[in-house]
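In what follows, a structure is listed as C-alpha cells, so that the remarks can point back to it.
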Amino acid sequence: MTRFEPNLRIPGPTALPPSVREAGGRQMVNHRGEEFKALTKRVEAAMKPFFGTEHDVILLTCAGTGGLEAAVVNTLSPGDPVLAVTMGAFGDRFAKVAEVYGAAVTRLEVEWGRAPEPAAVGAAAAAIAGLRAVLLTHNETSTGVTSDVEALAAAVRAAAPEALVLVDGISALGAVPFEMDRWGCDLVVTGSQKAWMSAPGMAFVAVGPRAWAAADAARMPRFYLDLKRHRESQASGESPWTPAVAVLFQVDEGIRLMQAEGAGVHARHAACAAMTRAGLRALGFQLLADDAVASRTVTAAWIPDGLDWKAFNGGLKRRGLVVAGGQGKLKGRIFRLGHLGSVTTDDIIAAISAIEAQALEAGLAVRPGAGVAAAQAALVAAEAR
Ligand SMILES: Cc1ncc(COP(=O)(O)O)c(C=O)c1O
C-alpha cells in the first residue's frame, strides 16, 4: 500500500516534523552575527532542563560519536584508569574511543539485552586504583535497554568519589526524564538526530564543574573538540568553527515544539514504547529486554527461527515501514523499532499494523487484529496513568 512518506521507525535519524523541516530550509545567516548569537544562547538555555542541569551545554558540530570523543579527550590523560560499563555496541564504542586515546580501560561487560547492576559497577569501580572516570550508556540503542543512571552514578560516587561519571545519553535525552546534576553525572552527551527531531550533525555536551576541572589537567590531544575553546566562544554566542547552521535552526524549532508539549513529551514516549512492546508480543515476537529495563525510545525483538528476514523486511518496506536491523553480534538476529522524537501513537499503530499484515502474509501464526488490538489497549492503559 502506498504511503506518501515512509513510517521511519529507526532509532535515529528520526522523522522531522513539518516546521522543523522548513526551519532547515531557511536562508543562511551570519554565524558571527547577532541573530545567530541569540539562537545559540536560546538553544543552550532551552536544553538545560532536558539534561537536568544548570551547568554548561556545549553545542558541537559533529555526530554523536564526536560528543563521546569530546567527553574522553577533554577529561582524561593517556594512561588514566577508566571503567567502561558496556551493554551493547554503543557502550563498546565509548570504551574504544577511550582506548584509542590511550586510557587504561577496564571493561565491565553486561550481557546484551540486560542492564548493569549498580552493585557490580560499584565493586568494579572500587577495584581500580586511581580510577579517573566511569563511562556509562544511558540508553543502549543496539539492544533497547535503558540503564538506571541515577543508581549507577550513586554506586560510582560511593565506591570511587574522585571518578568522573561520563554518560552517553545520545538516544534518550529529551525523550525521558534526566537529572544530570541531582544524579551526580559530570558530563552527558546527546545528538540532534534523536529526540530533538532534527537532522544529524550536532552533538550537545553538558559539562559539570568536576569535568571542567578535569579539563584543566587532561592531556589527551584535542583541537576541533576542545570543549574549553567552545565554552569561550559560546559565552558570546559563537562557535570556534563554522557550525551546522541549518541543523541548529532545526534544533531550535524542535525544542520549541518540545517546550510547547511540556510533560507530554515524556508521556508520549512512554506510551509509544508500551504500545510497541504490547503489539510485538501479541504478534508472537520475543523481546530482547525485560520490561524493567526496557527502553522508551527503541524496542528490539528477536527474529523468529526460520523466518526469512530479508523477505519479511522487504514486505515491511513495501508497506511503508522502515525498521532497523541488529548491530554487532546481534546483526541478523534482531530487528529494532525506534520510537523517539516526533513519533506519535498513530505511527506505532501503523507500524504494528504493517508488521501484522506482513506476518499474516508470511504465514506466521498470528490472529488478525491481535497486534493492533494489543497496542491500542496499551495506549488506553498509558493514557489512564
Ligand atoms: C547510544 C548511542 N551512542 C552513540 C551513538 C552514535 O551516534 P552517531 O551515529 O551520531 O555518531 C548512537 C547512535 O545511534 C547511539 O544511539
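Here, A, B, ... name the chains of the C-alpha cells in the order displayed, residue numbers run from 1 inside each chain, and ligands are numbered from 1 in the same displayed order.
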
Any residue with an atom at most 6 Å from ligand 1 counts, using only C-alpha atoms and all ligand atoms. Which are they? Put them as a list of chain:residue names.
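What falls inside 6 Å of ligand 1 is A:Ala63, A:Gly64, A:Thr65, A:Phe90, A:Asn139, A:Glu140, A:Thr141, A:Asp168, A:Ile170, A:Ser171.
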
Include N, CA and C atoms and write out the residues we just selected as an mmCIF file, in the first residue's frame.
data_model
loop_
_atom_site.group_PDB
_atom_site.id
_atom_site.type_symbol
_atom_site.label_atom_id
_atom_site.label_comp_id
_atom_site.auth_asym_id
_atom_site.auth_seq_id
_atom_site.Cartn_x
_atom_site.Cartn_y
_atom_site.Cartn_z
ATOM 1 N N ALA A 63 28.877 14.353 14.732
ATOM 2 C CA ALA A 63 27.957 13.256 15.072
ATOM 3 C C ALA A 63 28.014 13.016 16.579
ATOM 4 N N GLY A 64 27.118 12.195 17.055
ATOM 5 C CA GLY A 64 27.113 11.851 18.477
ATOM 6 C C GLY A 64 28.445 11.292 18.927
ATOM 7 N N THR A 65 29.060 10.518 18.071
ATOM 8 C CA THR A 65 30.355 9.921 18.405
ATOM 9 C C THR A 65 31.388 11.002 18.685
ATOM 10 N N PHE A 90 27.076 0.434 21.488
ATOM 11 C CA PHE A 90 27.470 1.826 21.728
ATOM 12 C C PHE A 90 28.330 1.969 22.978
ATOM 13 N N ASN A 139 21.059 4.836 27.391
ATOM 14 C CA ASN A 139 20.102 4.055 26.599
ATOM 15 C C ASN A 139 20.891 3.332 25.504
ATOM 16 N N GLU A 140 20.988 2.022 25.638
ATOM 17 C CA GLU A 140 21.788 1.252 24.668
ATOM 18 C C GLU A 140 20.917 0.963 23.453
ATOM 19 N N THR A 141 21.130 1.749 22.422
ATOM 20 C CA THR A 141 20.285 1.697 21.231
ATOM 21 C C THR A 141 20.385 0.355 20.514
ATOM 22 N N ASP A 168 26.881 8.534 28.011
ATOM 23 C CA ASP A 168 26.331 8.587 26.663
ATOM 24 C C ASP A 168 24.816 8.591 26.804
ATOM 25 N N ILE A 170 22.911 9.731 24.290
ATOM 26 C CA ILE A 170 22.583 10.165 22.928
ATOM 27 C C ILE A 170 21.152 9.817 22.518
ATOM 28 N N SER A 171 20.711 8.597 22.791
ATOM 29 C CA SER A 171 19.436 8.171 22.195
ATOM 30 C C SER A 171 18.252 8.237 23.146
#

Excluding same-chain residues fewer than 6 positions from Ile255 (chain A), what lies within 10 Å of it counting only C-alpha atoms, as JSON, numbers by chain?
{"A": [20, 42, 43, 46, 47, 50, 174, 195, 196, 197, 198, 261]}

Generate the output file for the selected residues, N, CA and C atoms, as a PDB file, in the first residue's frame.
ATOM      1  N   VAL A  20      10.001  21.743  11.494  1.00  0.00           N
ATOM      2  CA  VAL A  20      11.455  21.535  11.650  1.00  0.00           C
ATOM      3  C   VAL A  20      12.102  21.434  10.267  1.00  0.00           C
ATOM      4  N   ARG A  42      19.718  30.769  22.995  1.00  0.00           N
ATOM      5  CA  ARG A  42      18.357  30.248  23.225  1.00  0.00           C
ATOM      6  C   ARG A  42      18.391  28.719  23.302  1.00  0.00           C
ATOM      7  N   VAL A  43      19.114  28.102  22.375  1.00  0.00           N
ATOM      8  CA  VAL A  43      19.155  26.631  22.364  1.00  0.00           C
ATOM      9  C   VAL A  43      19.855  26.114  23.611  1.00  0.00           C
ATOM     10  N   ALA A  46      17.493  26.429  26.508  1.00  0.00           N
ATOM     11  CA  ALA A  46      16.328  25.537  26.402  1.00  0.00           C
ATOM     12  C   ALA A  46      16.711  24.079  26.647  1.00  0.00           C
ATOM     13  N   MET A  47      17.957  23.737  26.349  1.00  0.00           N
ATOM     14  CA  MET A  47      18.377  22.338  26.522  1.00  0.00           C
ATOM     15  C   MET A  47      18.557  21.965  27.981  1.00  0.00           C
ATOM     16  N   PHE A  50      16.176  19.741  29.940  1.00  0.00           N
ATOM     17  CA  PHE A  50      16.088  18.356  29.452  1.00  0.00           C
ATOM     18  C   PHE A  50      17.251  17.511  29.980  1.00  0.00           C
ATOM     19  N   GLY A 174      16.065  14.018  26.354  1.00  0.00           N
ATOM     20  CA  GLY A 174      14.963  14.768  25.743  1.00  0.00           C
ATOM     21  C   GLY A 174      13.676  13.961  25.741  1.00  0.00           C
ATOM     22  N   ALA A 195      16.026  12.477  19.947  1.00  0.00           N
ATOM     23  CA  ALA A 195      14.770  13.031  20.476  1.00  0.00           C
ATOM     24  C   ALA A 195      14.527  14.464  20.030  1.00  0.00           C
ATOM     25  N   TRP A 196      15.553  15.126  19.539  1.00  0.00           N
ATOM     26  CA  TRP A 196      15.450  16.549  19.219  1.00  0.00           C
ATOM     27  C   TRP A 196      14.784  16.798  17.877  1.00  0.00           C
ATOM     28  N   MET A 197      14.431  15.707  17.174  1.00  0.00           N
ATOM     29  CA  MET A 197      13.606  15.793  15.943  1.00  0.00           C
ATOM     30  C   MET A 197      14.286  16.586  14.839  1.00  0.00           C
ATOM     31  N   SER A 198      15.604  16.536  14.799  1.00  0.00           N
ATOM     32  CA  SER A 198      16.347  17.323  13.823  1.00  0.00           C
ATOM     33  C   SER A 198      17.255  16.416  12.996  1.00  0.00           C
ATOM     34  N   GLU A 261       4.873  21.091  24.171  1.00  0.00           N
ATOM     35  CA  GLU A 261       4.235  19.831  24.599  1.00  0.00           C
ATOM     36  C   GLU A 261       4.449  19.592  26.097  1.00  0.00           C
TER      37      GLU A 261
END

Looking only at strand (DSSP E or B) from DSSP on the backbone, list the matching residues of region 137-292 of chain A as an MDAnalysis selection string.
chainID A and resid 137 139:140 145:146 164:168 173 176 187:191 202:207 287

Selection above as a file: C-alpha atoms, as a compact mmCIF listing (two decimals), in the first residue's frame:
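As a result, part-v9.txt now contains:
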# COMPACT_ATOMS: atom_id res chain seq x y z
CA THR A 137 25.46 4.29 28.44
CA ASN A 139 20.10 4.05 26.60
CA GLU A 140 21.79 1.25 24.67
CA VAL A 145 17.87 -1.35 27.21
CA THR A 146 17.93 1.69 29.49
CA LEU A 164 34.09 11.25 36.86
CA VAL A 165 30.78 9.90 35.59
CA LEU A 166 30.63 10.37 31.82
CA VAL A 167 27.32 9.42 30.21
CA ASP A 168 26.33 8.59 26.66
CA LEU A 173 17.97 12.57 26.35
CA VAL A 176 12.86 10.62 29.06
CA LEU A 187 29.27 15.06 31.58
CA VAL A 188 26.35 13.96 29.39
CA VAL A 189 26.19 13.71 25.59
CA THR A 190 23.24 13.71 23.18
CA GLY A 191 22.76 14.13 19.42
CA MET A 202 25.21 18.25 16.04
CA ALA A 203 26.12 16.82 19.44
CA PHE A 204 25.25 18.53 22.72
CA VAL A 205 27.55 18.02 25.66
CA ALA A 206 26.55 19.09 29.16
CA VAL A 207 29.61 19.67 31.30
CA LEU A 287 11.56 -9.01 23.06

Record the distance separating CA of Gln376 (chain A) and CA of Gly279 (chain A), expressed in Å with one decimal.
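Answer for the CA of Gln376 (chain A) to CA of Gly279 (chain A) separation: 8.3 Å.
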
Which residues are near Leu83 (chain A)? Cut-off 12 Å, only C-alpha atoms, ignore same chain within fewer than 3 positions. Put them as a PyMOL selection string.
chain A and resi 80+86+91-92+94-96+98-99+103-109+120-136+156+160+163-166

Save the residues we just selected, C-alpha atoms, as a compact mmCIF listing (two decimals), in the first residue's frame?
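File selection18.txt, as written:
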# COMPACT_ATOMS: atom_id res chain seq x y z
CA ASP A 80 44.32 7.14 33.14
CA THR A 86 29.23 -1.77 28.30
CA GLY A 91 28.98 1.09 25.13
CA ASP A 92 31.73 -0.74 23.26
CA PHE A 94 32.61 4.63 24.04
CA ALA A 95 35.19 2.23 25.53
CA LYS A 96 37.01 2.05 22.21
CA ALA A 98 38.96 5.91 25.41
CA GLU A 99 41.30 3.08 24.40
CA ALA A 103 43.30 5.38 28.59
CA ALA A 104 43.81 2.21 30.61
CA VAL A 105 40.31 0.84 30.10
CA THR A 106 38.78 -1.95 32.16
CA ARG A 107 35.53 -3.18 30.68
CA LEU A 108 32.61 -4.35 32.75
CA GLU A 109 30.65 -6.19 30.10
CA ALA A 120 28.54 -4.71 40.29
CA VAL A 121 29.52 -1.31 38.90
CA GLY A 122 30.38 -0.07 42.39
CA ALA A 123 32.51 -3.14 43.05
CA ALA A 124 34.30 -2.81 39.71
CA ALA A 125 34.95 0.89 40.38
CA ALA A 126 36.27 0.18 43.87
CA ALA A 127 38.68 -2.42 42.49
CA ILE A 128 40.52 0.01 40.18
CA ALA A 129 43.23 2.05 41.88
CA GLY A 130 43.23 5.73 40.95
CA LEU A 131 40.08 5.39 38.85
CA ARG A 132 39.61 8.59 36.84
CA ALA A 133 36.31 8.03 35.05
CA VAL A 134 33.41 5.65 34.54
CA LEU A 135 31.76 5.52 31.12
CA LEU A 136 28.04 4.75 31.18
CA VAL A 156 30.28 5.05 41.50
CA ALA A 160 35.25 5.99 43.93
CA ALA A 163 35.99 9.31 39.49
CA LEU A 164 34.09 11.25 36.86
CA VAL A 165 30.78 9.90 35.59
CA LEU A 166 30.63 10.37 31.82
